[in-house]
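As stored in coords-v5.txt (compact mmCIF, C-alpha atoms (C1' of nucleotides)):
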# COMPACT_ATOMS: atom_id res chain seq x y z
CA MET X 10 -15.58 19.41 -17.96
CA LYS X 11 -13.79 16.28 -18.93
CA SER X 12 -15.00 13.00 -17.55
CA LYS X 13 -11.80 12.60 -15.57
CA GLU X 14 -12.51 15.75 -13.61
CA LYS X 15 -16.14 14.82 -13.19
CA LEU X 16 -15.08 11.50 -11.77
CA GLN X 17 -12.65 13.13 -9.38
CA ALA X 18 -15.28 15.55 -8.18
CA ALA X 19 -17.85 12.79 -7.75
CA ALA X 20 -15.37 10.61 -5.89
CA ALA X 21 -14.35 13.42 -3.57
CA LYS X 22 -17.96 14.09 -2.68
CA LEU X 23 -18.86 10.45 -2.10
CA PHE X 24 -15.71 9.62 -0.17
CA ILE X 25 -16.38 12.46 2.22
CA ASP X 26 -20.08 11.66 2.52
CA LYS X 27 -19.96 7.91 2.99
CA GLY X 28 -16.31 6.96 3.34
CA PHE X 29 -13.94 5.34 0.90
CA GLU X 30 -14.84 1.72 1.49
CA ASN X 31 -18.56 2.30 1.45
CA THR X 32 -18.67 3.87 -1.96
CA THR X 33 -18.47 1.72 -5.04
CA VAL X 34 -16.92 2.61 -8.36
CA GLN X 35 -20.38 2.09 -9.77
CA GLU X 36 -21.72 4.94 -7.66
CA ILE X 37 -18.87 7.26 -8.53
CA ALA X 38 -19.33 6.60 -12.20
CA SER X 39 -23.05 7.13 -12.24
CA LEU X 40 -22.79 10.31 -10.16
CA ALA X 41 -20.31 11.53 -12.75
CA GLY X 42 -22.67 10.47 -15.50
CA VAL X 43 -20.37 7.91 -17.07
CA THR X 44 -19.86 4.18 -17.04
CA GLU X 45 -17.87 2.12 -14.60
CA ARG X 46 -15.69 1.10 -17.53
CA THR X 47 -14.62 4.63 -18.26
CA PHE X 48 -13.67 5.07 -14.63
CA PHE X 49 -11.18 2.27 -15.01
CA ARG X 50 -9.88 3.78 -18.18
CA GLN X 51 -9.05 7.02 -16.40
CA PHE X 52 -7.76 5.53 -13.17
CA LYS X 53 -5.85 2.36 -12.70
CA ASP X 54 -7.90 1.46 -9.66
CA LYS X 55 -10.38 2.84 -7.18
CA SER X 56 -7.84 4.59 -4.99
CA ASP X 57 -6.02 6.08 -7.95
CA VAL X 58 -8.67 8.76 -8.19
CA LEU X 59 -7.19 10.30 -5.04
CA PHE X 60 -3.58 10.14 -6.18
CA ASP X 61 -3.68 11.75 -9.53
CA THR X 62 -1.27 14.61 -8.92
CA ASN X 63 1.80 14.10 -11.04
CA ASN X 64 4.37 14.61 -8.36
CA ASP X 65 3.97 18.37 -8.27
CA LEU X 66 5.65 18.42 -4.90
CA GLY X 67 8.71 16.63 -6.14
CA GLN X 68 9.07 18.88 -9.13
CA GLY X 69 8.66 21.99 -7.03
CA VAL X 70 11.29 20.96 -4.55
CA ALA X 71 13.62 19.76 -7.29
CA ALA X 72 13.28 23.07 -9.12
CA TYR X 73 14.18 25.00 -6.00
CA ILE X 74 17.22 22.82 -5.47
CA THR X 75 18.60 23.28 -8.95
CA ASN X 76 17.98 27.02 -8.87
CA ASN X 77 19.34 27.70 -5.41
CA PHE X 78 22.38 25.55 -5.21
CA ASP X 79 24.91 26.86 -2.73
CA VAL X 80 28.16 25.09 -1.94
CA GLU X 81 28.12 26.50 1.55
CA LYS X 82 24.89 24.75 2.43
CA ASN X 83 24.68 21.09 3.27
CA PRO X 84 22.34 19.16 0.97
CA LEU X 85 19.84 18.39 3.71
CA LYS X 86 19.32 22.04 4.49
CA LEU X 87 18.98 22.76 0.81
CA ALA X 88 16.30 20.13 0.40
CA VAL X 89 14.42 21.29 3.48
CA ASP X 90 14.48 24.82 2.09
CA GLY X 91 13.05 23.33 -1.08
CA PHE X 92 10.10 22.09 0.94
CA VAL X 93 9.76 25.47 2.58
CA SER X 94 9.60 27.03 -0.85
CA ILE X 95 6.48 25.08 -1.75
CA SER X 96 4.91 25.04 1.68
CA GLU X 97 2.72 28.02 0.94
CA PHE X 98 0.58 25.83 -1.28
CA PHE X 99 -0.42 23.75 1.75
CA ASP X 100 -1.32 26.77 3.85
CA SER X 101 -3.39 28.23 1.08
CA SER X 102 -5.49 25.10 0.60
CA ARG X 103 -5.63 23.81 4.11
CA GLU X 104 -9.27 22.76 3.90
CA ARG X 105 -8.81 20.60 0.86
CA VAL X 106 -5.61 19.06 2.19
CA LEU X 107 -7.30 18.26 5.48
CA SER X 108 -10.31 16.55 4.01
CA ARG X 109 -8.13 14.53 1.67
CA ASN X 110 -5.98 13.59 4.61
CA GLN X 111 -9.00 12.48 6.54
CA ILE X 112 -10.07 10.14 3.77
CA ILE X 113 -6.61 8.65 3.51
CA GLN X 114 -6.23 8.12 7.24
CA SER X 115 -9.47 6.19 7.28
CA ASN X 116 -8.16 3.38 5.11
CA PRO X 117 -4.95 1.33 5.29
CA ASP X 118 -4.77 0.79 1.55
CA LEU X 119 -4.82 4.50 0.97
CA GLN X 120 -2.12 5.03 3.55
CA GLU X 121 0.07 2.60 1.70
CA ARG X 122 -0.47 4.39 -1.53
CA GLU X 123 0.34 7.69 0.12
CA LEU X 124 3.62 6.25 1.30
CA LEU X 125 4.49 5.29 -2.25
CA LYS X 126 4.30 8.96 -3.11
CA GLY X 127 7.00 9.47 -0.50
CA GLN X 128 9.25 7.18 -2.48
CA VAL X 129 8.63 9.12 -5.64
CA LEU X 130 9.45 12.27 -3.75
CA ILE X 131 12.72 10.80 -2.56
CA THR X 132 13.68 9.93 -6.10
CA SER X 133 12.96 13.39 -7.50
CA ILE X 134 14.85 15.14 -4.76
CA SER X 135 17.72 12.72 -4.80
CA ASN X 136 18.10 13.17 -8.54
CA SER X 137 18.14 16.93 -8.37
CA LEU X 138 20.67 16.89 -5.54
CA SER X 139 22.96 14.51 -7.32
CA ALA X 140 23.77 17.14 -9.91
CA GLN X 141 25.95 18.69 -7.24
CA TYR X 142 26.64 16.09 -4.62
CA ASP X 143 27.72 12.49 -4.43
CA GLY X 144 25.00 9.97 -5.28
CA ASP X 145 24.76 8.23 -1.93
CA LEU X 146 24.91 11.50 -0.09
CA SER X 147 22.11 12.87 -2.26
CA GLU X 148 19.92 9.89 -1.57
CA LEU X 149 20.50 10.08 2.14
CA ALA X 150 19.76 13.79 2.22
CA ALA X 151 16.62 13.25 0.17
CA ARG X 152 15.41 10.54 2.51
CA PHE X 153 16.03 12.63 5.59
CA ALA X 154 14.42 15.67 4.05
CA VAL X 155 11.28 13.74 3.19
CA GLU X 156 11.12 12.44 6.74
CA ILE X 157 11.46 15.95 8.08
CA PHE X 158 8.67 16.97 5.78
CA HIS X 159 6.49 14.09 6.95
CA MET X 160 6.93 15.05 10.56
CA ALA X 161 6.33 18.70 9.87
CA TYR X 162 3.27 17.84 7.80
CA ILE X 163 1.76 15.80 10.62
CA LYS X 164 2.36 18.61 13.07
CA TRP X 165 0.85 21.05 10.62
CA ILE X 166 -2.25 18.87 10.26
CA LYS X 167 -2.71 18.74 14.00
CA ASN X 168 -2.04 22.38 14.69
CA ALA X 169 -3.91 25.00 12.74
CA GLU X 170 -1.97 27.88 14.28
CA LYS X 171 1.40 27.51 12.63
CA ARG X 172 2.28 27.59 8.97
CA LEU X 173 3.92 24.61 7.38
CA ALA X 174 7.14 26.54 6.84
CA GLU X 175 7.40 27.14 10.57
CA GLN X 176 6.87 23.47 11.33
CA LEU X 177 9.52 22.54 8.81
CA LEU X 178 12.05 24.82 10.41
CA THR X 179 11.11 23.67 13.89
CA VAL X 180 11.77 20.07 12.99
CA TYR X 181 14.96 20.93 11.17
CA GLU X 182 16.24 22.80 14.18
CA LEU X 183 15.34 19.89 16.41
CA TYR X 184 17.63 17.84 14.23
CA GLU X 185 20.42 20.41 14.21
CA ASN X 186 20.40 20.95 17.95
CA SER X 187 20.06 17.35 18.96
CA PHE X 188 21.96 14.63 17.21
CA CYS X 189 23.76 16.67 14.69
CA CYS X 190 27.09 15.60 16.31
CA MET R 2 1.52 -28.76 9.23
CA LYS R 3 -1.17 -26.21 9.83
CA SER R 4 -3.11 -24.89 6.87
CA LYS R 5 -1.65 -21.44 7.38
CA GLU R 6 1.86 -22.73 6.86
CA LYS R 7 0.76 -24.87 3.95
CA LEU R 8 -0.76 -21.81 2.34
CA GLN R 9 2.39 -19.79 2.87
CA ALA R 10 4.53 -22.53 1.38
CA ALA R 11 2.21 -22.95 -1.58
CA ALA R 12 2.10 -19.22 -2.17
CA ALA R 13 5.88 -18.88 -2.00
CA LYS R 14 6.30 -21.61 -4.57
CA LEU R 15 3.70 -20.27 -6.98
CA PHE R 16 4.80 -16.65 -6.66
CA ILE R 17 8.32 -17.61 -7.57
CA ASP R 18 7.25 -19.92 -10.37
CA LYS R 19 4.66 -17.78 -12.12
CA GLY R 20 4.81 -14.37 -10.48
CA PHE R 21 2.50 -12.75 -7.99
CA GLU R 22 -0.08 -11.38 -10.37
CA ASN R 23 -0.33 -14.55 -12.42
CA THR R 24 -1.23 -16.78 -9.54
CA THR R 25 -4.73 -16.80 -8.17
CA VAL R 26 -5.80 -17.42 -4.62
CA GLN R 27 -7.69 -20.38 -6.02
CA GLU R 28 -4.43 -21.96 -7.15
CA ILE R 29 -2.68 -21.29 -3.87
CA ALA R 30 -5.53 -22.82 -1.93
CA SER R 31 -5.79 -25.95 -4.01
CA LEU R 32 -2.03 -26.50 -3.98
CA ALA R 33 -2.24 -26.24 -0.21
CA GLY R 34 -5.16 -28.65 -0.23
CA VAL R 35 -7.69 -26.24 1.24
CA THR R 36 -10.45 -23.99 0.06
CA GLU R 37 -10.20 -20.44 -1.20
CA ARG R 38 -12.40 -19.49 1.73
CA THR R 39 -9.87 -20.84 4.17
CA PHE R 40 -7.19 -18.74 2.58
CA PHE R 41 -9.14 -15.59 3.29
CA ARG R 42 -9.72 -16.64 6.83
CA GLN R 43 -5.98 -16.89 7.43
CA PHE R 44 -4.91 -13.84 5.46
CA LYS R 45 -6.74 -10.62 5.02
CA ASP R 46 -5.90 -10.50 1.33
CA LYS R 47 -3.75 -12.06 -1.32
CA SER R 48 -0.61 -10.08 -0.53
CA ASP R 49 -0.98 -10.63 3.20
CA VAL R 50 0.49 -14.08 2.80
CA LEU R 51 3.86 -12.42 2.18
CA PHE R 52 3.67 -10.02 5.11
CA ASP R 53 2.85 -12.24 7.95
CA THR R 54 5.87 -11.54 10.15
CA ASN R 55 4.72 -9.78 13.27
CA ASN R 56 7.17 -6.93 13.28
CA ASP R 57 10.07 -9.04 14.49
CA LEU R 58 12.45 -6.40 13.24
CA GLY R 59 10.84 -3.67 15.25
CA GLN R 60 10.79 -5.73 18.41
CA GLY R 61 14.40 -6.72 17.98
CA VAL R 62 15.59 -3.18 17.50
CA ALA R 63 13.40 -1.91 20.31
CA ALA R 64 14.76 -4.54 22.65
CA TYR R 65 18.31 -3.53 21.86
CA ILE R 66 17.49 0.09 22.51
CA THR R 67 15.95 -0.48 25.89
CA ASN R 68 18.77 -2.78 26.96
CA ASN R 69 21.64 -0.66 25.73
CA PHE R 70 20.62 2.81 26.61
CA ASP R 71 23.60 5.11 26.98
CA VAL R 72 23.27 8.82 27.76
CA GLU R 73 26.48 9.50 25.90
CA LYS R 74 25.12 8.22 22.63
CA ASN R 75 22.78 10.21 20.47
CA PRO R 76 19.49 8.44 19.83
CA LEU R 77 20.13 8.01 16.12
CA LYS R 78 23.35 6.12 16.73
CA LEU R 79 21.59 4.02 19.31
CA ALA R 80 18.84 3.07 16.88
CA VAL R 81 21.30 2.29 14.11
CA ASP R 82 23.19 0.05 16.50
CA GLY R 83 19.86 -1.61 17.17
CA PHE R 84 19.62 -2.44 13.49
CA VAL R 85 23.19 -3.69 13.53
CA SER R 86 22.26 -5.98 16.39
CA ILE R 87 19.65 -7.79 14.29
CA SER R 88 21.46 -7.59 10.96
CA GLU R 89 22.95 -11.04 11.32
CA PHE R 90 19.53 -12.50 10.64
CA PHE R 91 19.62 -11.03 7.14
CA ASP R 92 23.06 -12.34 6.38
CA SER R 93 22.17 -15.78 7.57
CA SER R 94 19.10 -16.07 5.34
CA ARG R 95 20.23 -14.11 2.36
CA GLU R 96 18.66 -16.49 -0.16
CA ARG R 97 15.20 -16.31 1.33
CA VAL R 98 15.37 -12.55 1.76
CA LEU R 99 16.48 -12.13 -1.83
CA SER R 100 13.74 -14.22 -3.36
CA ARG R 101 11.12 -12.52 -1.26
CA ASN R 102 12.55 -9.18 -2.31
CA GLN R 103 12.34 -10.19 -5.93
CA ILE R 104 8.66 -10.98 -5.64
CA ILE R 105 7.96 -7.68 -3.94
CA GLN R 106 9.89 -5.63 -6.44
CA SER R 107 7.86 -7.15 -9.24
CA ASN R 108 4.61 -5.62 -8.09
CA PRO R 109 3.74 -2.07 -7.06
CA ASP R 110 1.04 -3.15 -4.63
CA LEU R 111 3.51 -5.27 -2.76
CA GLN R 112 5.98 -2.43 -2.63
CA GLU R 113 3.37 -0.27 -1.01
CA ARG R 114 2.66 -2.87 1.56
CA GLU R 115 6.35 -3.22 2.26
CA LEU R 116 6.54 0.50 2.90
CA LEU R 117 3.76 0.23 5.45
CA LYS R 118 6.01 -2.09 7.40
CA GLY R 119 8.48 0.78 7.50
CA GLN R 120 5.88 2.85 9.31
CA VAL R 121 5.32 0.15 11.86
CA LEU R 122 9.07 0.00 12.33
CA ILE R 123 9.21 3.73 12.93
CA THR R 124 6.54 3.47 15.57
CA SER R 125 8.23 0.65 17.49
CA ILE R 126 11.57 2.35 17.47
CA SER R 127 10.17 5.74 18.30
CA ASN R 128 8.31 4.29 21.24
CA SER R 129 11.31 2.54 22.67
CA LEU R 130 13.45 5.65 22.29
CA SER R 131 10.92 7.88 23.94
CA ALA R 132 11.49 6.15 27.25
CA GLN R 133 14.71 8.15 27.41
CA TYR R 134 14.42 11.02 24.99
CA ASP R 135 11.96 13.71 24.07
CA GLY R 136 9.03 12.51 21.98
CA ASP R 137 9.71 14.54 18.86
CA LEU R 138 13.38 13.78 19.03
CA SER R 139 12.62 10.07 19.32
CA GLU R 140 10.36 10.14 16.32
CA LEU R 141 12.89 11.98 14.22
CA ALA R 142 15.67 9.62 15.22
CA ALA R 143 13.46 6.62 14.47
CA ARG R 144 12.59 7.99 11.04
CA PHE R 145 16.20 8.67 10.18
CA ALA R 146 17.33 5.30 11.47
CA VAL R 147 14.77 3.50 9.34
CA GLU R 148 15.93 5.45 6.30
CA ILE R 149 19.51 4.53 7.01
CA PHE R 150 18.39 0.94 7.29
CA HIS R 151 16.52 1.17 3.98
CA MET R 152 19.55 2.50 2.20
CA ALA R 153 21.84 -0.05 3.75
CA TYR R 154 19.38 -2.81 2.93
CA ILE R 155 19.28 -1.83 -0.73
CA LYS R 156 23.06 -1.76 -0.89
CA TRP R 157 23.16 -5.13 0.81
CA ILE R 158 20.73 -6.59 -1.72
CA LYS R 159 22.85 -5.35 -4.60
CA ASN R 160 26.19 -6.35 -3.19
CA ALA R 161 26.71 -9.88 -1.96
CA GLU R 162 30.22 -9.17 -0.67
CA LYS R 163 29.48 -7.07 2.37
CA ARG R 164 27.47 -7.92 5.42
CA LEU R 165 24.46 -5.84 6.34
CA ALA R 166 26.18 -4.53 9.47
CA GLU R 167 28.96 -3.10 7.33
CA GLN R 168 26.52 -1.40 5.02
CA LEU R 169 24.69 0.08 7.99
CA LEU R 170 27.87 1.55 9.38
CA THR R 171 28.97 2.80 5.96
CA VAL R 172 25.74 4.72 5.54
CA TYR R 173 25.85 6.01 9.09
CA GLU R 174 29.36 7.29 8.57
CA LEU R 175 28.33 8.94 5.35
CA TYR R 176 25.82 10.83 7.43
CA GLU R 177 28.27 11.70 10.19
CA ASN R 178 30.97 12.94 7.83
CA SER R 179 28.75 14.88 5.52
CA PHE R 180 25.90 16.96 6.79
CA CYS R 181 26.22 16.28 10.42
CA CYS R 182 26.82 20.03 11.05
C1' DT Z 3 -18.54 16.57 -46.19
C1' DT Z 4 -15.72 12.87 -45.29
C1' DT Z 5 -12.65 10.72 -42.54
C1' DC Z 6 -10.30 9.27 -38.84
C1' DA Z 7 -8.60 9.11 -34.04
C1' DG Z 8 -9.78 9.13 -29.41
C1' DA Z 9 -13.08 8.71 -25.94
C1' DT Z 10 -17.05 6.18 -24.36
C1' DG Z 11 -20.57 2.47 -24.01
C1' DT Z 12 -21.79 -2.46 -23.87
C1' DC Z 13 -21.21 -6.90 -22.41
C1' DA Z 14 -19.30 -10.96 -20.85
C1' DG Z 15 -16.07 -12.76 -17.94
C1' DT Z 16 -12.30 -13.36 -14.15
C1' DT Z 17 -10.70 -12.49 -9.61
C1' DT Z 18 -10.88 -10.81 -5.10
C1' DG Z 19 -13.14 -10.75 -0.96
C1' DT Z 20 -17.37 -11.47 2.44
C1' DG Z 21 -21.50 -13.29 4.99
C1' DA Z 22 -24.16 -17.09 6.59
C1' DC Z 23 -24.60 -21.55 7.90
C1' DA Z 24 -23.43 -26.43 8.43
C1' DC Z 25 -20.09 -29.97 9.64
C1' DT Z 26 -16.17 -32.09 12.17
C1' DG Z 27 -12.96 -32.89 15.69
C1' DT Z 28 -11.02 -31.38 20.18
C1' DT Z 29 -11.19 -29.52 24.62
C1' DT Z 30 -13.71 -28.04 28.75
C1' DT Z 31 -16.92 -28.55 32.15
C1' DA Z 32 -20.96 -30.23 34.69
C1' DT D 14 -18.85 -39.87 30.77
C1' DA D 15 -22.00 -36.87 28.40
C1' DA D 16 -22.86 -32.49 27.01
C1' DA D 17 -21.57 -28.22 25.70
C1' DA D 18 -18.38 -24.86 23.90
C1' DC D 19 -14.98 -23.85 20.54
C1' DA D 20 -11.88 -23.62 16.66
C1' DG D 21 -11.07 -24.77 11.96
C1' DT D 22 -12.96 -25.89 7.72
C1' DG D 23 -16.25 -26.59 3.65
C1' DT D 24 -20.10 -24.95 0.80
C1' DC D 25 -22.80 -21.76 -1.37
C1' DA D 26 -24.33 -17.45 -2.86
C1' DC D 27 -23.04 -13.02 -3.82
C1' DA D 28 -21.01 -8.09 -4.08
C1' DA D 29 -17.43 -5.46 -5.82
C1' DA D 30 -13.17 -4.67 -8.31
C1' DC D 31 -11.11 -5.06 -12.52
C1' DT D 32 -10.18 -6.54 -17.79
C1' DG D 33 -10.63 -7.61 -22.82
C1' DA D 34 -13.06 -7.27 -27.07
C1' DC D 35 -15.75 -4.95 -29.89
C1' DA D 36 -19.27 -1.50 -31.13
C1' DT D 37 -20.51 3.31 -31.24
C1' DC D 38 -20.16 8.07 -30.93
C1' DT D 39 -18.13 12.67 -31.50
C1' DG D 40 -15.38 16.37 -32.73
C1' DA D 41 -11.79 18.22 -35.41
C1' DA D 42 -8.69 17.95 -39.45
C1' DA D 43 -8.38 17.30 -44.44
Since I need it in another form, could you write the structure as structure tokens?
Amino acid sequence: MKSKEKLQAAAAKLFIDKGFENTTVQEIASLAGVTERTFFRQFKDKSDVLFDTNNDLGQGVAAYITNNFDVEKNPLKLAVDGFVSISEFFDSSRERVLSRNQIIQSNPDLQERELLKGQVLITSISNSLSAQYDGDLSELAARFAVEIFHMAYIKWIKNAEKRLAEQLLTVYELYENSFCC
Amino acid sequence: MKSKEKLQAAAAKLFIDKGFENTTVQEIASLAGVTERTFFRQFKDKSDVLFDTNNDLGQGVAAYITNNFDVEKNPLKLAVDGFVSISEFFDSSRERVLSRNQIIQSNPDLQERELLKGQVLITSISNSLSAQYDGDLSELAARFAVEIFHMAYIKWIKNAEKRLAEQLLTVYELYENSFCC
DNA sequence: TTTCAGATGTCAGTTTGTGACACTGTTTTA
DNA sequence: TAAAACAGTGTCACAAACTGACATCTGAAA
């Protein structure tokens, strides 16, 4: 086990046990059996340990978009379907997602960082759409799609009964039926 | 001049002169003629000095929404018009907005914080809409409106020729003509 | 085995941010 | 008016987050 993974595991445990703000980098490092200094070599700062994932979401959605392009579909629907295509991941690791979410919601700094991921998401999706559509249109569709995902994600967090894909479609239909002309 | 204002002025000057990361709270405080400790009593952290505004935007847009409710209009259009109603402020202080924007773009932490303001905006707008519309619909409209504003804002930053109101309507029309059904 | 690159430790230092308490001036109230 | 409450600030001591420089280790290639 590499020290990076050990640090992530240690951080996850401590953050859940005592909260993000109440655990020091010192503690994380020593639980992982390394030095504080090596923590900061692996992660750019304390919160970074929670945000390591290299935009898997964005790549997944982007891949779906480039593989399933369909002139008939509007770009927003295409992007939302992209989210649906990766939604199974969330359902299959609900526990982990929930506890991570709980940590993030407990701290404003972490919420900010989480939002930054939204921006990265927008960029990935916008780029993949712009292979087929106008640039501005792609960006707008990407932004709206991410917002639909956000809303669906929040609903999914709060309601254990429905799958994320269902929530995504529910929100999309709300859009279609309401102010879509 | 209260110490809070002195600190803000000092910070603005130093951030522009030497960049955000290269200026210490120490420097800001002594330029303002107060102690570091006083700085932290006025602002919760170093970046807070840039984000003092108490959600004026949100209140402005919300006010427009509650005063101009119109059953005929869809909530998204209403919210976008709300942004149009306060857009003159941006045009009239373009210089200040631009230099502030430059500081923020130079530092990832500040960008994150800026995004958090977007969330606050969503909440204000969503709340004011939900006096007339369904809750989920209001939230979705608020989210989309803020994204339209973001896009228009970026265009406005890049292009000195057009007013913000024009950019807002351009983006809204892009939406209407493209994937609005 | 030797060598060499990459990961880690060590240490000293800067910066951010906080708690506790004392001091000053202003406003309220007895 | 005198006393008491209060708000803003300074001072000091300190924890915690981060960084740079350099030493040391370790594992794999030559």
Open item on the list: For a quick test of understanding: name the residues of chain R lying within 10 Å of chain Z when counting all atoms listed in the file, and present them as a list of chain:residue names.
Closed with: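 That gives R:Thr25, R:Val26, R:Gln27, R:Arg38, R:Phe41, R:Lys45, R:Asp46, R:Lys47 for chain R.
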TODO: Compute the chain D side of the contact with chain R at 9 Å, counting all atoms listed in the file, and hand it back as a list of chain:residue names.
DONE: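 Those within range of chain R come out as D:DG21, D:DT22, D:DG23.
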- [ ] Could you check how far CA of Leu117 in chain R sits from CA of Leu124 in chain X, in Å to one decimal?
- [x]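 Straight-line distance from CA of Leu117 in chain R to CA of Leu124 in chain X works out to 7.3 Å.
Candidate residues X:Asp90, X:Glu123, X:Asp61, X:Glu104 were compared for distance to chain R, and the nearest is X:Glu123, using all atoms listed in the file.
All chain R residues having an atom within 7 Å of chain X, based on all atoms listed in the file, amount to Asn75, Leu77, Glu113, Arg114, Leu116, Leu117, Leu138, Arg144, Phe145, Glu148, Leu175, Phe180, Cys181 and Cys182 of chain R.
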